[in-house]
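Novice: Sharing target.cif here; it has mmCIF, C-alpha atoms.
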data_data
#
loop_
_atom_site.label_atom_id
_atom_site.label_comp_id
_atom_site.auth_asym_id
_atom_site.auth_seq_id
_atom_site.Cartn_x
_atom_site.Cartn_y
_atom_site.Cartn_z
CA MET Z 229 219.41 154.30 112.46
CA GLY Z 230 216.71 152.58 114.53
CA ARG Z 231 217.28 149.86 117.06
CA GLU Z 232 217.68 146.38 115.63
CA LEU Z 233 216.49 143.45 117.71
CA LEU Z 234 218.86 140.50 117.56
CA ARG Z 235 217.32 137.25 118.71
CA SER Z 236 219.54 134.75 120.47
CA PRO Z 237 219.55 131.26 119.00
CA ALA Z 238 217.90 128.53 121.01
CA SER Z 239 220.34 126.70 123.24
CA ARG Z 240 220.12 123.16 121.94
CA GLN Z 241 222.66 120.63 120.76
CA GLU Z 242 222.58 119.47 117.16
CA PRO Z 243 222.33 115.70 116.54
CA ASN Z 244 225.81 115.50 114.99
CA ALA Z 245 227.46 117.90 117.43
CA PRO Z 246 230.33 116.60 119.55
CA PRO Z 247 229.44 115.52 123.10
CA HIS Z 248 229.30 118.29 125.67
CA ARG Z 249 232.48 118.60 127.72
CA VAL Z 250 232.32 119.45 131.40
CA PRO Z 251 234.29 122.70 131.83
CA VAL Z 252 237.37 122.75 134.00
CA MET Z 253 236.90 124.49 137.34
CA VAL Z 254 238.26 128.04 137.26
CA PRO Z 255 238.71 129.58 140.74
CA ILE Z 256 236.85 132.91 140.75
CA ARG Z 257 236.87 134.88 143.97
CA SER Z 258 235.20 138.02 145.19
CA LEU Z 259 237.55 140.99 145.44
CA GLY Z 260 237.53 143.52 148.24
CA PRO Z 261 239.19 146.88 148.98
CA SER Z 262 242.54 145.17 149.63
CA HIS Z 263 242.60 144.19 145.94
CA ARG Z 264 242.03 147.73 144.69
CA GLU Z 265 245.63 148.28 143.54
CA ARG Z 266 245.73 144.95 141.71
CA ILE Z 267 242.48 145.86 139.98
CA ALA Z 268 244.06 149.15 138.92
CA GLN Z 269 247.18 147.40 137.63
CA HIS Z 270 245.03 144.95 135.67
CA LEU Z 271 243.10 147.74 133.94
CA LEU Z 272 246.22 149.83 133.37
CA SER Z 273 247.74 146.81 131.59
CA LEU Z 274 245.03 146.97 128.92
CA ASP Z 275 246.15 148.59 125.69
CA ALA Z 276 244.27 151.49 124.07
CA GLN Z 277 241.94 149.26 122.01
CA ASP Z 278 241.06 147.05 124.98
CA ARG Z 279 240.37 150.08 127.15
CA TYR Z 280 238.11 151.43 124.42
CA LEU Z 281 236.14 148.17 124.30
CA ARG Z 282 235.93 147.84 128.09
CA PHE Z 283 234.85 151.39 128.93
CA GLY Z 284 233.37 152.56 125.63
CA TYR Z 285 236.03 155.26 125.32
CA ALA Z 286 239.84 155.44 125.24
CA ALA Z 287 240.28 155.64 129.02
CA SER Z 288 243.47 157.34 130.16
CA ASP Z 289 245.54 156.17 133.13
CA GLU Z 290 244.02 158.96 135.22
CA GLN Z 291 240.47 157.95 134.29
CA ILE Z 292 241.21 154.32 135.16
CA ARG Z 293 242.58 155.42 138.53
CA ARG Z 294 239.42 157.41 139.20
CA TYR Z 295 237.27 154.43 138.22
CA THR Z 296 239.24 152.11 140.52
CA ASP Z 297 239.23 154.57 143.41
CA GLY Z 298 235.46 154.92 143.05
CA LEU Z 299 234.63 151.21 143.20
CA ASN Z 300 231.96 150.57 145.82
CA PHE Z 301 232.76 147.17 147.29
CA GLU Z 302 229.84 147.33 149.72
CA ARG Z 303 227.21 147.81 147.03
CA ASP Z 304 228.73 146.13 143.97
CA GLU Z 305 230.49 142.82 143.46
CA ILE Z 306 233.92 142.51 141.84
CA PHE Z 307 235.12 139.09 140.71
CA GLY Z 308 238.64 138.12 139.67
CA ILE Z 309 240.78 135.31 138.32
CA TYR Z 310 244.40 135.15 139.44
CA ASN Z 311 247.22 133.18 137.86
CA ARG Z 312 250.00 131.39 139.76
CA LYS Z 313 251.99 134.61 140.03
CA LEU Z 314 248.99 136.29 141.69
CA GLU Z 315 248.51 138.51 138.65
CA LEU Z 316 244.89 139.50 138.11
CA ILE Z 317 244.38 138.22 134.58
CA ALA Z 318 240.60 138.68 134.37
CA MET Z 319 238.02 140.64 136.32
CA ALA Z 320 234.34 141.48 136.21
CA HIS Z 321 232.32 144.28 137.75
CA LEU Z 322 228.71 143.57 138.65
CA ALA Z 323 227.22 147.00 139.40
CA LEU Z 324 224.00 146.78 141.39
CA SER Z 325 221.50 149.57 140.93
CA SER Z 326 221.23 152.11 143.74
CA GLU Z 327 217.94 153.52 142.45
CA PRO Z 328 214.90 152.56 144.58
CA ASP Z 329 212.81 151.82 141.48
CA SER Z 330 215.41 149.50 139.92
CA LYS Z 331 216.88 147.61 142.87
CA SER Z 332 216.39 144.34 141.00
CA CYS Z 333 218.71 145.38 138.13
CA ALA Z 334 222.47 145.02 137.66
CA GLU Z 335 225.00 145.83 134.95
CA PHE Z 336 227.94 143.61 133.97
CA GLY Z 337 231.38 144.57 132.63
CA VAL Z 338 234.43 142.37 132.10
CA SER Z 339 238.07 142.54 130.98
CA VAL Z 340 240.64 139.83 130.26
CA LEU Z 341 244.33 140.38 129.64
CA ARG Z 342 245.27 139.69 126.04
CA ALA Z 343 247.69 136.85 126.90
CA SER Z 344 244.93 135.01 128.81
CA ARG Z 345 242.20 135.09 126.18
CA GLY Z 346 240.70 132.13 124.40
CA ARG Z 347 240.21 130.19 127.64
CA GLY Z 348 236.62 131.15 128.32
CA TYR Z 349 237.40 133.37 131.32
CA GLY Z 350 234.94 136.05 130.26
CA ALA Z 351 232.09 133.55 130.01
CA ARG Z 352 233.04 131.99 133.36
CA LEU Z 353 232.97 135.41 135.03
CA PHE Z 354 229.61 136.11 133.44
CA ASP Z 355 228.19 132.85 134.80
CA ARG Z 356 229.56 133.65 138.26
CA ALA Z 357 228.07 137.13 138.16
CA MET Z 358 224.68 135.77 137.03
CA MET Z 359 224.59 133.33 139.92
CA HIS Z 360 225.51 135.99 142.45
CA ALA Z 361 223.00 138.48 141.04
CA SER Z 362 220.24 135.89 141.16
CA ASN Z 363 221.13 135.01 144.76
CA GLU Z 364 220.96 138.72 145.63
CA GLY Z 365 217.43 139.01 144.29
CA VAL Z 366 218.34 140.61 140.95
CA ASP Z 367 216.07 139.50 138.13
CA LEU Z 368 217.32 141.62 135.23
CA MET Z 369 220.94 141.88 134.14
CA PHE Z 370 222.17 144.44 131.61
CA ILE Z 371 225.22 144.55 129.35
CA HIS Z 372 226.09 147.68 127.40
CA ALA Z 373 228.83 147.20 124.82
CA LEU Z 374 230.17 148.65 121.63
CA SER Z 375 228.85 146.70 118.66
CA GLU Z 376 232.43 145.88 117.67
CA ASN Z 377 232.99 144.16 121.02
CA THR Z 378 232.11 140.79 119.53
CA ALA Z 379 233.49 138.81 122.47
CA MET Z 380 231.15 140.47 124.96
CA ILE Z 381 228.19 140.24 122.61
CA LYS Z 382 228.86 136.54 122.07
CA ILE Z 383 228.90 135.92 125.82
CA ALA Z 384 225.54 137.67 126.22
CA ARG Z 385 224.02 135.89 123.22
CA ASN Z 386 225.17 132.46 124.41
CA ALA Z 387 223.60 133.15 127.80
CA GLY Z 388 220.26 133.73 126.09
CA ALA Z 389 220.14 137.51 126.42
CA THR Z 390 218.02 139.69 124.17
CA LEU Z 391 220.24 142.07 122.17
CA GLU Z 392 219.27 145.41 120.67
CA ARG Z 393 221.72 147.11 118.35
CA ASP Z 394 221.67 150.85 117.86
CA GLY Z 395 224.45 151.76 115.43
CA SER Z 396 227.83 151.55 117.16
CA GLU Z 397 226.36 150.32 120.46
CA THR Z 398 224.57 147.17 121.56
CA ASP Z 399 222.44 146.68 124.67
CA ALA Z 400 221.61 143.27 126.07
CA HIS Z 401 219.31 142.28 128.88
CA LEU Z 402 218.86 138.90 130.48
CA ARG Z 403 216.11 137.70 132.79
CA LEU Z 404 217.58 135.76 135.70
CA PRO Z 405 215.94 132.81 137.44
CA PRO Z 406 215.08 133.12 141.12
CA ALA Z 407 217.62 131.93 143.67
CA THR Z 408 217.46 128.37 144.94
CA LEU Z 409 219.10 126.51 147.79
CA ASP Z 410 221.36 124.85 145.21
CA SER Z 411 222.46 128.18 143.70
CA ARG Z 412 223.23 129.61 147.14
CA MET Z 413 225.21 126.56 148.22
CA THR Z 414 227.06 126.46 144.88
CA GLU Z 415 228.13 130.10 145.20
CA MET Z 416 229.30 129.55 148.77
CA LEU Z 417 231.31 126.48 147.78
CA GLU Z 418 232.88 128.18 144.75
CA GLU Z 419 233.91 131.17 146.86
CA GLN Z 420 235.51 128.93 149.50
CA LEU Z 421 237.41 126.99 146.84
CA ALA Z 422 238.60 130.22 145.20
CA GLN Z 423 239.84 131.64 148.50
CA THR Z 424 241.68 128.40 149.25
CA ASP Z 425 243.23 128.48 145.78
CA TYR Z 426 244.34 132.08 146.33
CA ARG Z 427 245.96 131.25 149.68
CA LEU Z 428 247.85 128.32 148.16
CA LYS Z 429 249.09 130.50 145.31
CA ALA Z 430 250.18 133.17 147.81
CA GLN Z 431 252.05 130.59 149.90
CA ALA Z 432 253.76 129.16 146.81
CA LYS Z 433 254.78 132.64 145.66
CA ASN Z 434 256.25 133.47 149.08
CA PHE Z 435 258.09 130.15 149.20
CA TYR Z 436 259.70 130.62 145.80
CA ALA Z 437 260.62 134.19 146.70
CA LEU Z 438 262.29 132.93 149.88
CA LEU Z 439 264.06 130.19 147.92
CA ALA Z 440 265.33 132.69 145.36
CA GLY Z 441 266.64 134.88 148.17
CA LEU Z 442 268.50 132.00 149.76
CA GLN Z 443 270.03 131.04 146.44
CA GLU Z 444 271.17 134.61 145.93
CA ILE Z 445 272.79 134.64 149.38
CA ARG Z 446 274.53 131.33 148.70
CA GLN Z 447 275.79 132.62 145.38
CA GLY Z 448 277.18 135.70 147.13
CA VAL Z 449 278.94 133.55 149.73
CA ARG Z 450 280.53 131.41 146.99
CA GLU Z 451 281.76 134.45 145.11
CA ALA Z 452 283.18 135.93 148.32
CA ARG Z 453 285.03 132.69 149.06
CA GLU Z 454 286.43 132.52 145.56
CA LYS Z 455 287.73 136.09 145.80
CA SER Z 456 289.29 135.49 149.21
CA GLY Z 457 291.08 132.39 147.90
CA GLN Z 458 292.71 134.27 145.07
#
So that I can check it, write out the structure of this file as structure tokens.
Specialist:
Amino acid sequence: MGRELLRSPASRQEPNAPPHRVPVMVPIRSLGPSHRERIAQHLLSLDAQDRYLRFGYAASDEQIRRYTDGLNFERDEIFGIYNRKLELIAMAHLALSSEPDSKSCAEFGVSVLRASRGRGYGARLFDRAMMHASNEGVDLMFIHALSENTAMIKIARNAGATLERDGSETDAHLRLPPATLDSRMTEMLEEQLAQTDYRLKAQAKNFYALLAGLQEIRQGVREAREKSGQ
């Protein structure tokens, strides 16, 4: 079967469409080597079908470990969304090309835990990756997905990407605008906010862990007193 070109619809609002809502801020931070194990745990939490959609094959635990161990944090950019328990519920990998002739290209991949879907996290990560890629001088972003991965294809289509379907696989490419002072400042601000959010979540988690420990000690003291009074 030949390649089928799928045109993205023009991004315009219909006259009778509901008013556009400003999206809620979702803290998305860059991940470094210290997050490698959490990245691994996130990917290992994906079931067989989700692994198939994310990697294009039914990745085993060993293959996921190799993928995680091979992440190049100096060349690529990894973005993540953490919940209040500091569980990595969504992550994206923006792989920058290492080939001299295609330095201005990057490939995007994303995964979201099943319990956290339907909140637009994949699209938010895509927007964050686009902004970073543009600020890094990338002008062409690629997405390679299985044709049945409708969520990923929808994200690419809504961003205005050109999609080409070849049987069970779909390729998308998106031309990025050049970086501006506003885009650079916005990325810097979003990263600072995300790091602050992460620190607050870490402090809250440590506090509740300490509180739970104290309550356990108090409960043990009460039980000991009750036994000694018998």
Novice: As an exercise, work out the distance from atom CA of Z:Leu274 to atom CA of Z:Asp399 in Å and give it to one decimal place.
Specialist: 23.0 Å
Novice: So how many Å separate atom CA of Z:Gly346 and atom CA of Z:Asp304, to one decimal?
Specialist: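 Computing it gives 26.9 Å between the two atoms.
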Novice: Pull out every residue that the PyMOL selection byres ((chain Z and resi 315-321) around 7) matches in the shown coordinates and put them as a compact mmCIF listing (two decimals) with C-alpha atoms, in the coordinates of the input.
Specialist:
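Output below, filename out17.txt:
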# COMPACT_ATOMS: atom_id res chain seq x y z
CA ARG Z 266 245.73 144.95 141.71
CA HIS Z 270 245.03 144.95 135.67
CA GLU Z 305 230.49 142.82 143.46
CA ILE Z 306 233.92 142.51 141.84
CA PHE Z 307 235.12 139.09 140.71
CA GLY Z 308 238.64 138.12 139.67
CA ILE Z 309 240.78 135.31 138.32
CA TYR Z 310 244.40 135.15 139.44
CA ASN Z 311 247.22 133.18 137.86
CA LYS Z 313 251.99 134.61 140.03
CA LEU Z 314 248.99 136.29 141.69
CA LEU Z 322 228.71 143.57 138.65
CA ALA Z 323 227.22 147.00 139.40
CA PHE Z 336 227.94 143.61 133.97
CA GLY Z 337 231.38 144.57 132.63
CA VAL Z 338 234.43 142.37 132.10
CA SER Z 339 238.07 142.54 130.98
CA VAL Z 340 240.64 139.83 130.26
CA LEU Z 341 244.33 140.38 129.64
CA SER Z 344 244.93 135.01 128.81
CA TYR Z 349 237.40 133.37 131.32
CA LEU Z 353 232.97 135.41 135.03
Novice: For this structure, which residues satisfy the selection - the PyMOL selection byres ((chain Z and resi 383) around 10) - when it is evaluated on the file as given? I want them as a PyMOL selection string.
Specialist: chain Z and resi 348+350-352+354-355+378-382+384-389
Novice: Quick one: distance from atom CA of Z:Leu368 to atom CA of Z:Leu417 in Å, one decimal?
Specialist: 24.1 Å
Novice: Here's the selection I'm unsure about, the PyMOL selection byres ((chain Z and resi 415) around 12); applied to the file above, which residues does it give, as a ChimeraX atom specification?
Specialist: /Z:255-258,355-364,407-414,416-422
Novice: Just the residues within 9 Å of Z:Ser288, please, counting only C-alpha atoms, with nothing from its chain fewer than 2 positions along; format it as a ChimeraX atom specification.
Specialist: /Z:272,276,279,286,290-293
Novice: Within 9 Å of Z:Val366, counting only C-alpha atoms, which residues qualify if same-chain residues fewer than 6 places away don't, as a list in words?
Specialist: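 Near neighbours after the sequence-gap exclusion: Leu324, Lys331, Ser332, Cys333, Ala334, Met358, His360, Arg403, Leu404, Pro405 and Pro406 of chain Z.
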Novice: Please, could you write that set of residues out with C-alpha atoms as a PDB file, in the coordinates of the input?
Specialist:
ATOM      1  CA  LEU Z 324     224.000 146.780 141.390  1.00  0.00           C
ATOM      2  CA  LYS Z 331     216.880 147.610 142.870  1.00  0.00           C
ATOM      3  CA  SER Z 332     216.390 144.340 141.000  1.00  0.00           C
ATOM      4  CA  CYS Z 333     218.710 145.380 138.130  1.00  0.00           C
ATOM      5  CA  ALA Z 334     222.470 145.020 137.660  1.00  0.00           C
ATOM      6  CA  MET Z 358     224.680 135.770 137.030  1.00  0.00           C
ATOM      7  CA  HIS Z 360     225.510 135.990 142.450  1.00  0.00           C
ATOM      8  CA  ARG Z 403     216.110 137.700 132.790  1.00  0.00           C
ATOM      9  CA  LEU Z 404     217.580 135.760 135.700  1.00  0.00           C
ATOM     10  CA  PRO Z 405     215.940 132.810 137.440  1.00  0.00           C
ATOM     11  CA  PRO Z 406     215.080 133.120 141.120  1.00  0.00           C
TER      12      PRO Z 406
END
Novice: Go through Z:Arg427, Z:Arg294, Z:His263, Z:His372 and flag the residue nearest Z:Ala400, using all atoms listed in the file for the distances.
Specialist: Z:His372
